[in-house]
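Student: Structure provided below as structure tokens; questions to follow.
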Amino acid sequence: MSLLVKEKMKYHIITFGCQMNQSDSERLAYVLSSMGFEETLDEKEADLIVINACSVRQKAIDRIWGKLKEFEKIEQERGKRLYTALTGCVLPDDRPKFAPRFDLYFQMKDLPRLPEYLSKVITQNTDRKIGAAIREEDLKKRDITVEDILQDRQIDYSDNTASQSKPSSNTKPLNPISQVPGAADHYLQIKPKYTKKFTAYVPIMTGCNAFCTYCAVPYTRGREVSRRVEEIADEVLSLVEGGVKEIILLGQIINKYMVKIDEGLDRYISEFLARFGKRKEDIKEFQDKYFNQRLFKFHHLLALINIIDSDFWLRFTSSHPKWFTDELISTIKKCDKIPPHIHLPVQAGADTTLKRMLRPYTVKEYKDIIDKIKENIPNVAITTDCIVGFCGETDEEFQQTVELFEYVQYDMAYIAQYSPRPGTKAAKEMEDDVPHNIKKQREKVLTDVLSKTALAKNKKYLNKKTRVLVESAKEESGKYFCTGKTGTFKTVKFYADSDLTGEFANIKITKVGSWGLYGEYIKD
């Protein structure tokens, strides 16, 4: 597959946002490479720059506007057309603002058709404002109402339905120029161009039906769709057999993953288990234990992947407290491939704030889950996400969040100051009434609490040996300064005689801080 152009063209991808966006960029890179583009890490060398956007926070949107100014400067300096495209999580309100500034706007779900879109843009060489490709139905899409939200909640809080991405019988064949090797109807079926050789992101679902009042994700990624078990398991198995040491499963609310079990899936699971030496009676026991409801859920998927006979870590993000069930905790406890680290976003520590956020749990329910996790998973590290200064947050409500942080004793927390996202329920119906200086102050208070609890947790590692997956190494005066992560997701820095990137290493911890560990490499 190649573009209908004579010269060799280079592409550069700029990714903002979460791990899901990073994973999407890997699929985007595969499509562009399949078309004949050559990747460059220098945007000044690129003929095509694609921004994979994130609308979750205003800062990311502001950075896109800044990048557009840089693109204009690059184009002027070299006197040659620079093609630009925008995709990713872009709110409906932002699309008409950005579209005229790019040669192409497309939704990530339309990635299989990207070759067709790009071919038209480049071969026709139309003016940017005229050629901005944004579909009318995207601009005219009606706002999602509160009634829609409540209806979604009534459906999605039960386990009676499941989504599953599979080819539709009435889908029209794609134009030959838009065909991507390995692609079908859903973009997640496109093979990624993995960024790292030792760590791989594997999306198991996309979209979100929760509609938290502050969140942009349902408006940018759409409704939940779960990938087929066969696709996920085959991808993970291929990666592990290729030497990948860390698999990270991704989903907006990953523990809501669920598909219906049919005869084809039953047969696939039997063959998968038999591949790893499971006897017929073991296979039947496995199926009876996990599939008696004829629904294949997230903890079932973890149990299935854990059977793969290889040395690797299996991580996942991001979970939701509402669906962090006893079955999930029990499965994590039994799976030796899953490191003792749980990321469980709380967002706020007051029931009244959680209610305004449309987070469907109470602080007590969240604490009960944390207690169960600690009881069942020895030496577990717990991390979270939290928003300070949400609409109407009082001093008393914030103090309850501080108390929750002190109760849980988090190993790490990702604390964000609330910023309204256009189109969300909070932006439309609530007042952003907490002043910026108060938000900043509250963030500092939580960070100070976190610093103390994280340091106390990290001190337990002092003078002990821990296993680390090395993520990077930089040569310094004949030695290699290495950085990696423990199973509990703590950053470790140490020196070694060689580049250990992508390998597991045993490290004796000699020094600790609130945000990381330092140690000495132990040779086998």
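Just remember, in the structure tokens the first chain shown is A, the second B, etc., residues are 1-based per chain, and ligands are 1-based in the order shown.
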Show me, as a PDB file with C-alpha atoms, in the first residue's frame, the residues that have an atom within 9 Å of Asp24 (chain A) when counting only C-alpha atoms, minus same-chain residues fewer than 5 positions from it.

Tutor:
```pdb
ATOM      1  CA  GLN A  19      -2.015   5.267  27.695  1.00  0.00           C
ATOM      2  CA  ALA A  29       1.836   4.405  13.010  1.00  0.00           C
ATOM      3  CA  ASN A  52      -3.471  12.455  18.555  1.00  0.00           C
ATOM      4  CA  GLY A  88      -7.997  11.305  19.051  1.00  0.00           C
ATOM      5  CA  MET A 108      -9.886   7.188  15.569  1.00  0.00           C
ATOM      6  CA  TYR A 187      -9.835   0.078  14.395  1.00  0.00           C
ATOM      7  CA  LEU A 188      -8.666  -2.048  17.352  1.00  0.00           C
ATOM      8  CA  PRO A 192      -0.039  -1.882  16.188  1.00  0.00           C
ATOM      9  CA  PRO A 203      -6.611  -2.287  24.614  1.00  0.00           C
TER      10      PRO A 203
END
```

Student: Using only C-alpha atoms, what does the table of region 367-452 of chain A residues within 9 Å of region 477-490 of chain A look like, with each row giving the shortest atom pair and its distance in Å to one decimal, sorted by chain and ascending number, as a tab-separated table?

Tutor:
```
residue	atom	partner	partner_atom	distance
A:Asn379	CA	A:Thr488	CA	8.5
A:Val380	CA	A:Thr488	CA	6.9
A:Ala381	CA	A:Thr488	CA	5.4
A:Ile382	CA	A:Thr488	CA	8.3
A:Asp411	CA	A:Lys490	CA	8.5
A:Met412	CA	A:Lys490	CA	8.8
```

Student: Please save N, CA and C atoms of the selected residues as a CSV table (one decimal), in the first residue's frame.

Tutor:
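File produced: selection.csv:
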```csv
chain,number,residue,atom,x,y,z
A,379,ASN,N,1.4,-7.0,50.7
A,379,ASN,CA,2.3,-5.9,50.2
A,379,ASN,C,1.9,-5.2,49.0
A,380,VAL,N,0.6,-5.1,48.8
A,380,VAL,CA,0.0,-4.4,47.6
A,380,VAL,C,0.3,-2.9,47.7
A,381,ALA,N,0.6,-2.3,46.6
A,381,ALA,CA,0.7,-0.9,46.4
A,381,ALA,C,-0.6,-0.3,45.8
A,382,ILE,N,-1.1,0.7,46.3
A,382,ILE,CA,-2.4,1.3,45.9
A,382,ILE,C,-2.2,2.7,45.4
A,411,ASP,N,0.3,4.8,47.8
A,411,ASP,CA,1.7,4.8,47.4
A,411,ASP,C,2.0,5.9,46.4
A,412,MET,N,1.0,6.3,45.6
A,412,MET,CA,1.1,7.4,44.7
A,412,MET,C,-0.3,7.8,44.3
```

Student: Just want the 6 Å neighbourhood of Ser319 (chain A), counted on only C-alpha atoms, with same-chain residues fewer than 5 positions away dropped. Output as a PyMOL selection string.

Tutor: chain A and resi 253-255+344

Student: Given the selection you just returned, output its residues as a file containing N, CA and C atoms, formatted as a CSV table (one decimal), in the first residue's frame.

Tutor:
```csv
chain,number,residue,atom,x,y,z
A,253,ILE,N,-13.0,2.1,31.5
A,253,ILE,CA,-13.4,1.4,32.8
A,253,ILE,C,-13.1,-0.1,32.5
A,254,ILE,N,-11.9,-0.5,32.8
A,254,ILE,CA,-11.5,-1.8,32.3
A,254,ILE,C,-12.2,-3.0,33.0
A,255,ASN,N,-12.6,-2.8,34.2
A,255,ASN,CA,-13.2,-3.9,34.9
A,255,ASN,C,-14.7,-4.0,34.6
A,344,LEU,N,-6.8,2.5,41.6
A,344,LEU,CA,-8.2,2.6,41.8
A,344,LEU,C,-8.6,4.0,42.0
```

Student: Which residues are near Thr325 (chain A)? Cut-off 10 Å, only C-alpha atoms, ignore same chain within fewer than 3 positions. Put them as a list in words.

Tutor: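 Using only C-alpha atoms, the neighbours found are Asn255, His299, His320, Pro321, Lys322, Leu328, Ile329, Ser330, Thr331, Ile369 and Lys372 of chain A.
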
Student: Produce a file of the selected residues containing C-alpha atoms, as a PDB file, in the first residue's frame.

Tutor:
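As written to disk, again11.pdb reads:
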```
ATOM      1  CA  ASN A 255     -13.217  -3.891  34.927  1.00  0.00           C
ATOM      2  CA  HIS A 299     -11.621 -11.363  35.887  1.00  0.00           C
ATOM      3  CA  HIS A 320     -13.619   1.799  38.622  1.00  0.00           C
ATOM      4  CA  PRO A 321     -14.623   1.173  42.263  1.00  0.00           C
ATOM      5  CA  LYS A 322     -18.222   0.333  41.274  1.00  0.00           C
ATOM      6  CA  LEU A 328     -11.913  -9.681  40.717  1.00  0.00           C
ATOM      7  CA  ILE A 329      -9.952  -9.378  43.972  1.00  0.00           C
ATOM      8  CA  SER A 330      -9.946 -13.169  44.383  1.00  0.00           C
ATOM      9  CA  THR A 331      -8.704 -13.659  40.810  1.00  0.00           C
ATOM     10  CA  ILE A 369     -12.855  -2.276  48.699  1.00  0.00           C
ATOM     11  CA  LYS A 372     -10.469  -6.183  51.002  1.00  0.00           C
TER      12      LYS A 372
END
```

Student: Which residues are close to Tyr495 (chain A), i.e. within 10 Å by only C-alpha atoms, leaving aside same-chain residues fewer than 3 positions away? Reply as an mmCIF file with C-alpha atoms, in the first residue's frame.

Tutor:
```cif
data_model
loop_
_atom_site.group_PDB
_atom_site.id
_atom_site.type_symbol
_atom_site.label_atom_id
_atom_site.label_comp_id
_atom_site.auth_asym_id
_atom_site.auth_seq_id
_atom_site.Cartn_x
_atom_site.Cartn_y
_atom_site.Cartn_z
ATOM 1 C CA ALA A 473 19.622 3.046 30.432
ATOM 2 C CA LYS A 474 22.008 5.908 29.735
ATOM 3 C CA GLU A 475 25.759 5.447 29.450
ATOM 4 C CA GLU A 476 27.794 7.526 31.921
ATOM 5 C CA LYS A 479 28.593 2.638 33.428
ATOM 6 C CA TYR A 480 24.877 2.598 32.619
ATOM 7 C CA PHE A 481 22.442 4.642 34.654
ATOM 8 C CA CYS A 482 19.289 2.522 34.607
ATOM 9 C CA THR A 483 15.697 3.326 35.465
ATOM 10 C CA SER A 498 25.716 -2.997 30.765
ATOM 11 C CA ASP A 499 22.507 -1.757 29.169
ATOM 12 C CA LEU A 500 19.743 -3.790 30.834
ATOM 13 C CA ILE A 507 18.137 -4.696 42.864
ATOM 14 C CA TYR A 518 17.674 3.853 44.586
ATOM 15 C CA GLY A 519 19.712 0.691 44.681
ATOM 16 C CA GLU A 520 22.539 -1.584 43.650
ATOM 17 C CA TYR A 521 22.378 -4.131 40.860
#
```
